[in-house]
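This report refers to the structure that appears directly beneath it.
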Amino acid sequence: MKTTLGAVVLLAVSSAACAQSSVTLYGRVDGGIEYLSHIANGNGGGSSRWSAEGGDWGTSMLGFKGTEDVGGGTAALFDLETALQIMNGTTGGGRLFSRRAYVGLQNETWGQLQAGRNLFIDSDGVWEFDPFVQQAVSSASLVRGRNWQQTNNNVEYHSPVWHGFDVQGQYAFGNQASGFNNGAEGEFGRSDGIMLTYHSPLFDVRGIYDELRDSNGHFSNIFTASREYFVGGNLRVQKFKIQVAYTHYSAPDSPPGVTNTADHYWLGATWQATPKWAMTAAGFYIHVGEGAGDVLHDPASHAILYALGTTHNLSARTLLYGTGRLCEQQQERHVLGVRHAA
């Protein structure tokens with residue numbers, strides 16, 4: 001349940017003045033049971049596993065966000081959000097606010113400008129064009145999570161919607177004296193991206209270009225530090241939503257002889273059978289370009305993932321879900337769970 005608390009000061013720029021302000025507590029909790037087959041056991045064979053898992057449909061999270069009307073159609077805002085693992089009670093990455101921690105200004109005419117930690121621009125943009133909305137079984141599965149990262153030291157701009165079009169830009173500083181493109185140890189280096197979207201009642205189209213550097217400021221791995229080109233589309237026809245996308249990754253600073261490109265495609269559809277019940281099916285394909293592999297880099301290869309899922313809404317905030325996948329290598333993953341958002 002969303003709870004609004006008046007006159008609570010969480011922003012350094014806020015004061016106990018009489019301006020209209022609000023703070024909202026929000027969250028999402030997800031948990032279920034998972035079956036996974038063909039797990040490498042170190043002896044050249046495979047094993048299977050039943051486990052209790054959290055976050056398979058979507059990351060469990062807890063957040064606080066607030067706004068204050070400062071006049072002239074402008075509002076100050078903030079968002080503090082952390083990922084949770086409900087199976088052991090820990091927060092994401094050991095951070096207090098692992099997903100979002102930013103402050104900004106929003107104007108009805110000029111858009112929104114903000115600064116702080118946030119989801120990287122492709123994570124914020126790809127899920128809307130993913131038939132499985134970046135679940136554990138989704139567009140992220142074959143790219144080792146390249147499209148659901150977070151970055152520090154961001155400055156971002158979000159435009160208003162102009163005749164169906166909007167634009168978003170993100171620039172993440174590395175904050176290191178050792179080199180402009182470098183990042184702190186264990187963090188990404190300087191990263192940036194731009195996203196253009198067109199929305200209409202019938203269809204949506206989105207294009208993204210982004211650069212995600214490693215801590216040394218290089219594009220050294222197609223799935224961890226690379227350039228990304230994304231284009232995706234949604235088409236709504238009666239009770240069906242059809243979704244298609246293509247992504248190209250390049251990592252020109254990869255070691256010589258190692259694979260430095262990959263192409264990722266998917267096609268899926270969701271059938272909204274009733275207002276409460278929906279079914280989704282999709283196929284994901286990746287082709288990793290020519291080159292060798294090593295302990296950090298994937299070799300030339302390709303893979304296909306088929307996914308089938310269903311959701312049933314018990315209420316506006318609670319749903320039951322079931323998702324199954326089959327990889328070309330015959331690995332199966334099946335999940336049953338419940339998600340509650342507030």
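Each chain in the structure tokens gets a letter, A, B and so on, in the order shown; residues start at 1 in every chain, and ligands are counted from 1 in the order they appear.
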Produce a table with one row for each residue of stretch 205-322 of chain A that has an atom at most 12 Å from any atom of stretch 139-147 of chain A, each row naming the nearest atom pair and its distance in Å at one decimal; use only C-alpha atoms; arrange rows by chain and rising residue number; format as a Markdown table.
```
| residue | atom | partner | partner_atom | distance |
| --- | --- | --- | --- | --- |
| A:Ile208 | CA | A:Asn147 | CA | 11.2 |
| A:Tyr209 | CA | A:Asn147 | CA | 11.9 |
| A:Asp210 | CA | A:Asn147 | CA | 10.4 |
| A:Glu211 | CA | A:Arg146 | CA | 11.3 |
| A:Leu212 | CA | A:Arg146 | CA | 9.2 |
| A:Arg213 | CA | A:Arg146 | CA | 11.7 |
| A:Asn221 | CA | A:Arg146 | CA | 10.1 |
| A:Ile222 | CA | A:Arg146 | CA | 8.3 |
| A:Phe223 | CA | A:Arg146 | CA | 5.2 |
| A:Thr224 | CA | A:Arg146 | CA | 5.9 |
| A:Ala225 | CA | A:Arg146 | CA | 8.2 |
| A:Ser226 | CA | A:Arg146 | CA | 8.9 |
| A:Arg227 | CA | A:Arg146 | CA | 10.5 |
| A:Glu228 | CA | A:Asn147 | CA | 9.1 |
| A:Tyr229 | CA | A:Asn147 | CA | 11.2 |
| A:Phe230 | CA | A:Asn147 | CA | 10.2 |
| A:Gly232 | CA | A:Ser139 | CA | 11.8 |
| A:Gln243 | CA | A:Ser139 | CA | 11.6 |
| A:Val244 | CA | A:Ser139 | CA | 10.9 |
| A:Ala245 | CA | A:Ser139 | CA | 9.5 |
| A:Tyr246 | CA | A:Ser139 | CA | 10.4 |
| A:Thr247 | CA | A:Asn147 | CA | 10.0 |
| A:His248 | CA | A:Val143 | CA | 10.9 |
| A:Tyr249 | CA | A:Val143 | CA | 9.6 |
| A:Ser250 | CA | A:Arg146 | CA | 12.0 |
| A:Thr261 | CA | A:Val143 | CA | 11.6 |
| A:Ala262 | CA | A:Val143 | CA | 9.0 |
| A:Asp263 | CA | A:Val143 | CA | 9.7 |
| A:His264 | CA | A:Val143 | CA | 8.1 |
| A:Tyr265 | CA | A:Ser139 | CA | 8.8 |
| A:Trp266 | CA | A:Ser139 | CA | 7.6 |
| A:Leu267 | CA | A:Ser139 | CA | 10.1 |
| A:Gly268 | CA | A:Ser139 | CA | 10.7 |
| A:Ala282 | CA | A:Ser139 | CA | 9.7 |
| A:Gly283 | CA | A:Ser139 | CA | 9.4 |
| A:Phe284 | CA | A:Ser139 | CA | 6.9 |
| A:Tyr285 | CA | A:Leu142 | CA | 7.8 |
| A:Ile286 | CA | A:Leu142 | CA | 6.8 |
| A:His287 | CA | A:Leu142 | CA | 9.7 |
| A:Val288 | CA | A:Val143 | CA | 9.8 |
| A:Leu296 | CA | A:Arg144 | CA | 11.8 |
| A:His297 | CA | A:Arg144 | CA | 11.2 |
| A:Asp298 | CA | A:Val143 | CA | 10.3 |
| A:Ser301 | CA | A:Leu142 | CA | 11.4 |
| A:His302 | CA | A:Leu142 | CA | 9.5 |
| A:Ala303 | CA | A:Leu142 | CA | 7.7 |
| A:Ile304 | CA | A:Leu142 | CA | 8.4 |
| A:Leu305 | CA | A:Leu142 | CA | 7.9 |
| A:Tyr306 | CA | A:Ser139 | CA | 10.9 |
| A:Ala307 | CA | A:Ser139 | CA | 10.4 |
```
Would you put the residues from that selection into a file with N, CA and C atoms, as a compact mmCIF listing (two decimals), in the first residue's frame?
```txt
# COMPACT_ATOMS: atom_id res chain seq x y z
N ILE A 208 18.13 2.91 -28.90
CA ILE A 208 19.08 3.23 -27.84
C ILE A 208 20.50 3.05 -28.37
N TYR A 209 21.37 4.00 -28.06
CA TYR A 209 22.81 3.80 -28.23
C TYR A 209 23.46 4.09 -26.88
N ASP A 210 24.32 3.18 -26.43
CA ASP A 210 24.99 3.42 -25.15
C ASP A 210 26.40 2.86 -25.15
N GLU A 211 27.19 3.36 -24.21
CA GLU A 211 28.57 2.94 -24.02
C GLU A 211 28.78 2.63 -22.54
N LEU A 212 29.18 1.40 -22.25
CA LEU A 212 29.43 0.95 -20.87
C LEU A 212 30.89 0.51 -20.79
N ARG A 213 31.72 1.29 -20.09
CA ARG A 213 33.16 1.02 -20.01
C ARG A 213 33.52 0.28 -18.73
N ASN A 221 34.79 -6.28 -23.15
CA ASN A 221 34.03 -7.54 -23.13
C ASN A 221 32.62 -7.26 -23.62
N ILE A 222 32.14 -8.05 -24.59
CA ILE A 222 30.84 -7.75 -25.21
C ILE A 222 29.70 -7.77 -24.20
N PHE A 223 29.82 -8.53 -23.12
CA PHE A 223 28.72 -8.65 -22.18
C PHE A 223 28.93 -7.92 -20.86
N THR A 224 30.07 -7.26 -20.69
CA THR A 224 30.28 -6.50 -19.45
C THR A 224 30.73 -5.07 -19.68
N ALA A 225 31.40 -4.79 -20.80
CA ALA A 225 31.88 -3.44 -21.08
C ALA A 225 31.94 -3.27 -22.59
N SER A 226 30.91 -2.64 -23.16
CA SER A 226 30.78 -2.64 -24.62
C SER A 226 29.91 -1.49 -25.09
N ARG A 227 29.90 -1.30 -26.41
CA ARG A 227 28.93 -0.41 -27.05
C ARG A 227 27.69 -1.23 -27.39
N GLU A 228 26.53 -0.58 -27.31
CA GLU A 228 25.27 -1.27 -27.59
C GLU A 228 24.41 -0.42 -28.53
N TYR A 229 23.83 -1.09 -29.54
CA TYR A 229 22.86 -0.47 -30.44
C TYR A 229 21.58 -1.29 -30.33
N PHE A 230 20.50 -0.65 -29.93
CA PHE A 230 19.23 -1.36 -29.71
C PHE A 230 18.11 -0.69 -30.48
N GLY A 232 13.78 -1.54 -30.88
CA GLY A 232 12.69 -2.43 -30.50
C GLY A 232 11.34 -1.84 -30.85
N GLN A 243 6.00 -8.16 -29.75
CA GLN A 243 7.22 -7.42 -29.44
C GLN A 243 8.42 -8.02 -30.18
N VAL A 244 9.20 -7.15 -30.77
CA VAL A 244 10.37 -7.58 -31.54
C VAL A 244 11.52 -6.62 -31.26
N ALA A 245 12.75 -7.13 -31.24
CA ALA A 245 13.90 -6.27 -30.96
C ALA A 245 15.17 -6.86 -31.54
N TYR A 246 16.14 -5.97 -31.75
CA TYR A 246 17.48 -6.36 -32.20
C TYR A 246 18.51 -5.53 -31.44
N THR A 247 19.58 -6.19 -31.00
CA THR A 247 20.67 -5.51 -30.31
C THR A 247 22.01 -5.95 -30.88
N HIS A 248 22.90 -4.99 -31.10
CA HIS A 248 24.27 -5.30 -31.51
C HIS A 248 25.22 -4.80 -30.43
N TYR A 249 26.15 -5.68 -30.02
CA TYR A 249 27.17 -5.33 -29.04
C TYR A 249 28.54 -5.36 -29.70
N SER A 250 29.40 -4.41 -29.35
CA SER A 250 30.78 -4.43 -29.84
C SER A 250 31.72 -4.01 -28.71
N THR A 261 32.19 -9.05 -30.93
CA THR A 261 30.86 -8.62 -31.36
C THR A 261 29.82 -9.69 -31.03
N ALA A 262 28.58 -9.26 -30.89
CA ALA A 262 27.46 -10.18 -30.71
C ALA A 262 26.19 -9.52 -31.21
N ASP A 263 25.27 -10.33 -31.73
CA ASP A 263 23.98 -9.86 -32.22
C ASP A 263 22.88 -10.65 -31.53
N HIS A 264 21.90 -9.93 -31.01
CA HIS A 264 20.84 -10.52 -30.18
C HIS A 264 19.48 -10.13 -30.78
N TYR A 265 18.62 -11.13 -31.00
CA TYR A 265 17.30 -10.90 -31.59
C TYR A 265 16.25 -11.55 -30.69
N TRP A 266 15.04 -10.99 -30.70
CA TRP A 266 13.93 -11.71 -30.08
C TRP A 266 12.60 -11.31 -30.69
N LEU A 267 11.65 -12.23 -30.52
CA LEU A 267 10.28 -12.04 -30.99
C LEU A 267 9.36 -12.71 -29.98
N GLY A 268 8.32 -12.00 -29.57
CA GLY A 268 7.40 -12.57 -28.60
C GLY A 268 6.03 -11.94 -28.69
N ALA A 282 7.85 -16.42 -26.24
CA ALA A 282 8.91 -15.67 -26.92
C ALA A 282 10.06 -16.59 -27.28
N GLY A 283 10.82 -16.16 -28.29
CA GLY A 283 12.06 -16.82 -28.65
C GLY A 283 13.18 -15.80 -28.69
N PHE A 284 14.33 -16.14 -28.12
CA PHE A 284 15.50 -15.26 -28.07
C PHE A 284 16.67 -15.97 -28.76
N TYR A 285 17.38 -15.24 -29.60
CA TYR A 285 18.51 -15.83 -30.34
C TYR A 285 19.72 -14.91 -30.22
N ILE A 286 20.88 -15.50 -29.97
CA ILE A 286 22.11 -14.71 -29.95
C ILE A 286 23.17 -15.38 -30.81
N HIS A 287 23.90 -14.55 -31.53
CA HIS A 287 25.05 -15.01 -32.32
C HIS A 287 26.27 -14.24 -31.85
N VAL A 288 27.22 -14.94 -31.26
CA VAL A 288 28.48 -14.34 -30.83
C VAL A 288 29.47 -14.45 -31.97
N LEU A 296 37.26 -15.13 -19.32
CA LEU A 296 36.45 -13.92 -19.20
C LEU A 296 35.61 -13.62 -20.44
N HIS A 297 35.91 -14.27 -21.57
CA HIS A 297 35.25 -13.93 -22.83
C HIS A 297 34.61 -15.16 -23.45
N ASP A 298 33.40 -14.99 -23.99
CA ASP A 298 32.71 -16.08 -24.66
C ASP A 298 33.31 -16.30 -26.05
N SER A 301 29.88 -18.47 -31.01
CA SER A 301 28.83 -19.45 -30.70
C SER A 301 27.48 -18.85 -31.04
N HIS A 302 26.43 -19.65 -30.86
CA HIS A 302 25.07 -19.13 -30.97
C HIS A 302 24.19 -19.94 -30.03
N ALA A 303 23.06 -19.36 -29.65
CA ALA A 303 22.14 -20.04 -28.74
C ALA A 303 20.73 -19.54 -28.99
N ILE A 304 19.76 -20.42 -28.74
CA ILE A 304 18.34 -20.09 -28.83
C ILE A 304 17.69 -20.41 -27.50
N LEU A 305 16.85 -19.52 -27.03
CA LEU A 305 16.10 -19.73 -25.80
C LEU A 305 14.62 -19.55 -26.10
N TYR A 306 13.81 -20.56 -25.74
CA TYR A 306 12.35 -20.48 -25.89
C TYR A 306 11.75 -20.30 -24.50
N ALA A 307 10.77 -19.42 -24.38
CA ALA A 307 10.16 -19.16 -23.08
C ALA A 307 8.65 -19.10 -23.20
```
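Near A:Gly169, within a cut-off of 7 Å and counting only C-alpha atoms, sit the residues Glu156, Tyr157, His158, Gly193, Ile194 and Met195 of chain A, with same-chain residues fewer than 3 positions away left out.
The set of residues in stretch 134-275 of chain A assigned to helix (DSSP H, G or I) by DSSP, using only backbone atoms of this structure, is Ser141, Leu142, Val143, Arg146, Asn147 and Trp148 of chain A.
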Using only C-alpha atoms, what does the table of stretch 108-166 of chain A residues within 8 Å of stretch 80-100 of chain A look like, with each row giving the shortest atom pair and its distance in Å to one decimal, sorted by chain and ascending number, as JSON lines?
```
{"residue": "A:Gly116", "atom": "CA", "partner": "A:Arg100", "partner_atom": "CA", "distance": 7.6}
{"residue": "A:Arg117", "atom": "CA", "partner": "A:Arg100", "partner_atom": "CA", "distance": 5.3}
{"residue": "A:Asn118", "atom": "CA", "partner": "A:Arg100", "partner_atom": "CA", "distance": 4.4}
{"residue": "A:Leu119", "atom": "CA", "partner": "A:Arg99", "partner_atom": "CA", "distance": 6.1}
{"residue": "A:Gln150", "atom": "CA", "partner": "A:Arg99", "partner_atom": "CA", "distance": 6.5}
```
So that I can check the secondary structure, give me every residue of stretch 188-233 of chain A assigned strand (DSSP E) by backbone DSSP, as a VMD selection string. chain A and resid 191 to 199 203 to 211 227 to 233
